[in-house]
Amino acid sequence: MIEVDNVVKTFKGVSAVENLTLQVETGEIMGLLGSNGAGKSTTINMLLGFIEPDSGVVKVNGLNAFSQSSQTRKTIGYIPENVNLYPYLTGAENLNYFCRLAGLKYSKDELNRFLLMCGLQNDVHGKKVSNYSKGMRQKVGIAIAYAKKAKVYLLDEPASGLDPLASNELSELLKKLAGEGAAILMASHDIFRVREVCDRIGILRQGRLVKEIQGKDVSANELEKLYLKFMNNQE
Amino acid sequence: MRDIIKNEWYYLIRNRVLQIVSIGFIFILSLAVYLGEIQSDNQRKQYDVSKKQLRDSWESLDSISPHGAAHYGTYVFKPTNLLSSLDEGINSVAGNVLRVEGHVQNEIVYSESSQMQAVSKFGKLKSSLLLQYVLPLFLLFLAFNSVSSEKQSGRLKLLVLQGERPVKLIMGKVISVWLYGIILMIATVVVHFILNFSTFSTEMAGRLLFFCLSYGMYYFIVSGLTVYFSARWKNATVALTSMLGIWILWTIFLPSIVLSTVDNWHKLPSRNTFQTAMKEDRSKGIDGHNPKDERGEKLKEETLKKYGVDSLIQLPINFDGIRMQADEEYGNKVWDKHFGGLRSVLEKQKKCYQIAGTISPFIALQNTSMGFSGTDNFHHQEFLIQVEDYRRRFIKSLNDEHAFGGSKTGDWSWYAQNDFFKSIPDYEYYSQSLSTVLPNYFLDFIVLIAWTTIVGLLLFFGIKNMRIV
Amino acid sequence: MRNLSTFLYEWKHFVRSPFKVIAFLMFLLAAIYGLHNGAKLYKTQLVEIDTIKQKIEKDREENIAFYEAGEKGPKDKLWIDITKPFWAIWLGKTYLFKSPSPGLVYSTGESEQYGFYKQVSIWASTMDSDMTKEIANPERLQIGMLDFSFALLYLLPLLLMILLYNLRSSEAEENFLMLIQVQAASINSWLLSRVIFYMLLTLLSVIILLVYGAMLTGVFSSNSSIFNNLFLYSLLYLVFWGGIYYLILRNGRLIINNTLKMVGIWLLFTFVIPAISLQWISIRKPVNYMVDYIEASRDETRDLYDLPDSIILDRLNILFSEPLKGSEEEKEAKIRKVKRVAFAALANELIKNKVESIEIENESKNHSVRTTYFFSPVTFFQNCFNKVSYSHYDDYRQFREDIQYLIDKQIKVLLKDSWNEVIVDKDKYIDYTKELVKVD
């Protein structure tokens, strides 16, 4: 599970995250909506242990994400906005390499199965990543996280640039992962996708969580209106 | 085009890192010229002192037979070259001292590198080291990103949409980078000029002009090719790595490999083989010290006939001097044959090396740089020939004195006086004029011009179908 | 486990980078070419020595034939009398050879700067013109022979640079370094594993090349310490460059910056620092035109001829531990007979003293070179390689010392035997040919 408790982070005097508190339970998908600079990526980086909060606590599966990052990272699957992989390796080879970095060793069949499960068809597993579309690379990225058997998934704009079909496949996969007991935090601009996938949605504005909504309680249109309202309103 | 170059220069001038690097570069280049000048000056002083000391010894000779003086001999030191403070060339490995004496042509000995352990494979910190190796690398770093950054940022699209022809854009970038190299090179030459103001001559100016021309062409080749790669390849890193690869190949791999290979193709004899062959040929001539020598007998008969006398004792001259001179002249022919053979092998090696400039323009640059600085093997060989000419005149004067100075045949105790020894001129080195030197580097110039043209054409035609996005 | 996986997987990264593979192959080719150049020089020197030895042997057989036939020497040179010690030793042709080390295959060092054989006579000196280099193209000498040490010292750091230049920074530039950080336990150990892979790959190729070189000249059968020492120095050199590059990669995030730093450091260590050092030494201690030596070997030697016999005798008695015996009358008569040798002995002393001061001056230059080792590692390793292959300046200085020893020995023997009017027969002649080449 993910716990962010009263976290503050400033960069050169500019506040990036301000008293942020949120929790993502196992089996839950939480979406973070916010404009550029709202603090989404900073939050994810703190959860990944790359940035130390100025104050407050960031925990992943009960462990401090920064001071115990080497342990927490073992349980985190991370999917960035652009999954750039080694272009001269095939999809399967990339997956294998990243799994080995995580200390995991899979057979060729298992690797293919992971890729297939993440929506990458068999015929492209052996092709070099330099020939992949962004969506295909994204799927390898998800497979990397999935193969790690992560308990926590952090996604930074995962559907950016994906076509609707690929985006839909991603949503299905995330739901499946949550169903298997993973806690998922997804930062995004995509209101509709967030509404469709997430159990809970938080709206971030200038580093603050200004609104938290249950996904099932709002329609996409309502969410958009709500989002725009919070973005436009000055406190 | 002017606007493009101006714009590029704004970038170069306003970039703080480049400003610092440029100042640093000018400083180290000036330092190299300055240190090179101090070193050359020290050597020149050493040369003057040594030359004077040995000349004094020669001029103090008195009451010694001319032949004794031929064995006593003298020494010639290799002078520092015209622009050796810019490019040291072969000076440190080629030897500095040549003994001039009768009967034998000695080798030049006591090179600087034989007087200490290994320090630097690429020689001293002379301007040529920086201008040949470091500056092109710097130009490469300036140029590799010039077009790819425009592409990646989308500026290139914008510029082309504004109506600018890609070829013009690219050429503008090449010229601005090239100009940067030229300015640093000219700064070096200016410092050299200031330090050598008092001795500066039109000959030096001419040599410097060709020196700069060859560097100018080389810098264009490097800048042009790098910008071309920057325009053709997908990203800047590929352009950088491919050009770095080419630089390594041109400057580190090929010169060494080509010269080693050429040395195998046109083999020089070993000293032992060479000397044995010389000795064998020499033995067929007159033995200057052996009165019973058969060929000497023939010469004796001819001389007696010439003077219309029956015996050596009746000769008004000293036949020993004639015989020794005949021996010398035969020895000279043997030397001409064998050393001519050596020189012809060296010339073949040089020709092959020059042709190798077609695969590495760096080789052509290296040749012209050494050549116009007067520190290459052509100049060295010319020095050796001059010394040998001097030796011949020197020994002939002594033999003539022995023969015609007033002594009789067999009178080895006849001494010449101090005035005579003083009258024999000291060796003076005559540096080759530019007009004699130029033909030696014609091939290198052709190679550099060909490379410059190819790169120019590559830029002109290769850019036409360049992808803008 | 993770690091091992990274390490093993690096092979794939390597083989899928044509630029790196080509660079690696080019390095191998250059190194093999260098080994063959070294081996060729080794074999050429052996052949040359063999040719000279055969010629000496032939001449000696002719001389022995004179003894057996009771003749005094060649009929066209009536002044020669081989029963006299002077002519027996003169015709015996004493040569000293600096036999090339099989290690020459690895580093030709300064072997092209000096002669490797010398005919020792009472008039010889270690600064004679035949002590200079073999006939060679000076431009080739200046640019330097592409030997294995060149490949190792200059090309190996370049190869390593090409193999390593984009590690970590390419992931950073492509924005998946974070992903790697999430996957790998430690980004530094991940990077280190990758660097170590390339270092081991390079080391392995160096070992194979060393073994290949050893086979060309029989290093293992003659002196395996050459191999061991060279391996050790290569390893240290590799670690030195690997360490520097690792630090650059660890602290830099952009390929271009890292490459610039690597090239800069390479230029600094291989070109700039050694070049400045040499320039500095050359300014402080300019090239020696050997005027003192020239004056000693020419003018001062000439002055010896004016010395009265008594002084010559006194000086000889000071020089040699065994005094020249006999009554005053006998001494006076004998000194005239041995004058040629006596002059040679005195001249040798004069020249030896000058040579010694030249050697001291050269040694002070070498001392200056050694002080640059602290900031000029390439110079340090270059000299280490030369030492291992016995082609260092010191090896040639030792060769000169050995020559001087034989000159002294020959003068001593000749003076003693000439003084004692020894009649040389075949056995004594053979004895000379054996004894006078022995360096104890």
# chains A, B, ... in the order shown; residues from 1 in each chain; ligands from 1

call {"tool": "closest_atom_pairs", "arguments": {"of": "chain A", "to": "chain C", "cutoff": "6 Å", "atoms": "only C-alpha atoms", "output": "JSON lines"}}
result
{"residue": "A:Ser70", "atom": "CA", "partner": "C:Ala185", "partner_atom": "CA", "distance": 5.9}
{"residue": "A:Arg73", "atom": "CA", "partner": "C:Val182", "partner_atom": "CA", "distance": 5.5}
{"residue": "A:Asn84", "atom": "CA", "partner": "C:Phe176", "partner_atom": "CA", "distance": 5.8}
{"residue": "A:Tyr88", "atom": "CA", "partner": "C:Arg16", "partner_atom": "CA", "distance": 5.9}
{"residue": "A:Arg100", "atom": "CA", "partner": "C:Ser5", "partner_atom": "CA", "distance": 5.7}
{"residue": "A:Leu101", "atom": "CA", "partner": "C:Ala184", "partner_atom": "CA", "distance": 4.8}
{"residue": "A:Ala102", "atom": "CA", "partner": "C:Gln183", "partner_atom": "CA", "distance": 4.8}
{"residue": "A:Gly103", "atom": "CA", "partner": "C:Arg2", "partner_atom": "CA", "distance": 4.9}

call {"tool": "write_last_selection", "arguments": {"atoms": "C-alpha atoms", "output": "mmCIF file, in the first residue's frame"}}
result
data_model
loop_
_atom_site.group_PDB
_atom_site.id
_atom_site.type_symbol
_atom_site.label_atom_id
_atom_site.label_comp_id
_atom_site.auth_asym_id
_atom_site.auth_seq_id
_atom_site.Cartn_x
_atom_site.Cartn_y
_atom_site.Cartn_z
ATOM 1 C CA SER A 70 16.425 -0.191 -1.899
ATOM 2 C CA ARG A 73 11.850 -0.420 -4.951
ATOM 3 C CA ASN A 84 12.309 4.155 -23.884
ATOM 4 C CA TYR A 88 18.919 -2.690 -30.459
ATOM 5 C CA ARG A 100 17.439 -9.655 -14.429
ATOM 6 C CA LEU A 101 18.247 -6.220 -13.087
ATOM 7 C CA ALA A 102 15.479 -6.850 -10.570
ATOM 8 C CA GLY A 103 17.046 -10.192 -9.735
#

call {"tool": "residues_around", "arguments": {"residues": "A:Ile144", "least_positions_apart": "3", "cutoff": "6 Å", "atoms": "only C-alpha atoms", "output": "ChimeraX atom specification"}}
result
/A:95,141,147

call {"tool": "write_last_selection", "arguments": {"atoms": "N, CA and C atoms", "output": "JSON list (two decimals), in the first residue's frame"}}
result
[["chain", "number", "residue", "atom", "x", "y", "z"],
["A", 95, "LEU", "N", 12.78, -7.05, -21.86],
["A", 95, "LEU", "CA", 12.06, -7.52, -20.67],
["A", 95, "LEU", "C", 12.98, -8.40, -19.82],
["A", 141, "GLY", "N", 6.96, -1.89, -21.18],
["A", 141, "GLY", "CA", 7.17, -1.24, -19.88],
["A", 141, "GLY", "C", 6.24, -1.82, -18.83],
["A", 147, "ALA", "N", 6.06, -8.33, -14.58],
["A", 147, "ALA", "CA", 6.94, -9.49, -14.38],
["A", 147, "ALA", "C", 7.66, -9.40, -13.04]]

call {"tool": "atom_distance", "arguments": {"atom1": "atom CA of B:Trp414", "atom2": "atom CA of B:Ser311"}}
result
19.8 Å

call {"tool": "closest_atom_pairs", "arguments": {"of": "chain B", "to": "chain C", "cutoff": "6 Å", "atoms": "only C-alpha atoms", "output": "Markdown table"}}
result
| residue | atom | partner | partner_atom | distance |
| --- | --- | --- | --- | --- |
| B:Gln39 | CA | C:Ile283 | CA | 4.9 |
| B:Ile90 | CA | C:Gln142 | CA | 5.6 |
| B:Ala94 | CA | C:Pro138 | CA | 6.0 |
| B:Glu112 | CA | C:Val287 | CA | 5.4 |
| B:Ser114 | CA | C:Gln113 | CA | 5.8 |
| B:Gln115 | CA | C:Asn362 | CA | 5.6 |
| B:Met116 | CA | C:Asn362 | CA | 5.7 |
| B:Gln117 | CA | C:Tyr393 | CA | 5.1 |
| B:Val119 | CA | C:Thr379 | CA | 5.4 |
| B:Ser120 | CA | C:Pro274 | CA | 4.8 |
| B:Gly123 | CA | C:Ala275 | CA | 5.8 |
| B:Lys124 | CA | C:Ala275 | CA | 4.3 |
| B:Leu125 | CA | C:Ala275 | CA | 4.5 |
| B:Ser256 | CA | C:Leu146 | CA | 5.5 |
| B:Leu259 | CA | C:Arg140 | CA | 5.9 |
| B:Arg271 | CA | C:Glu134 | CA | 5.8 |

call {"tool": "residues_around", "arguments": {"residues": "C:Asp417", "least_positions_apart": "2", "cutoff": "12 Å", "atoms": "only C-alpha atoms", "output": "list in words"}}
result
Thr83, Lys84, Pro85, Phe86, Trp87, Ala88, Ile89, Leu324, Lys334, Lys337, Val338, Val341, Gln410, Ile411, Lys412, Val413, Leu414, Leu415, Trp419, Asn420, Glu421, Val422, Ile423, Val424, Lys428 and Tyr432 of chain C

call {"tool": "select_by_dssp", "arguments": {"residues": "stretch 208-417 of chain B", "states": "alpha helix (DSSP H)", "output": "ChimeraX atom specification"}}
result
/B:208-232,236-248,254-265,271-283,294-307,319-355,361-373,377-404

call {"tool": "residues_around", "arguments": {"residues": "B:Phe461", "least_positions_apart": "5", "cutoff": "12 Å", "atoms": "only C-alpha atoms", "output": "PyMOL selection string"}}
result
chain B and resi 166-168+170-171+228+232+453-456+466
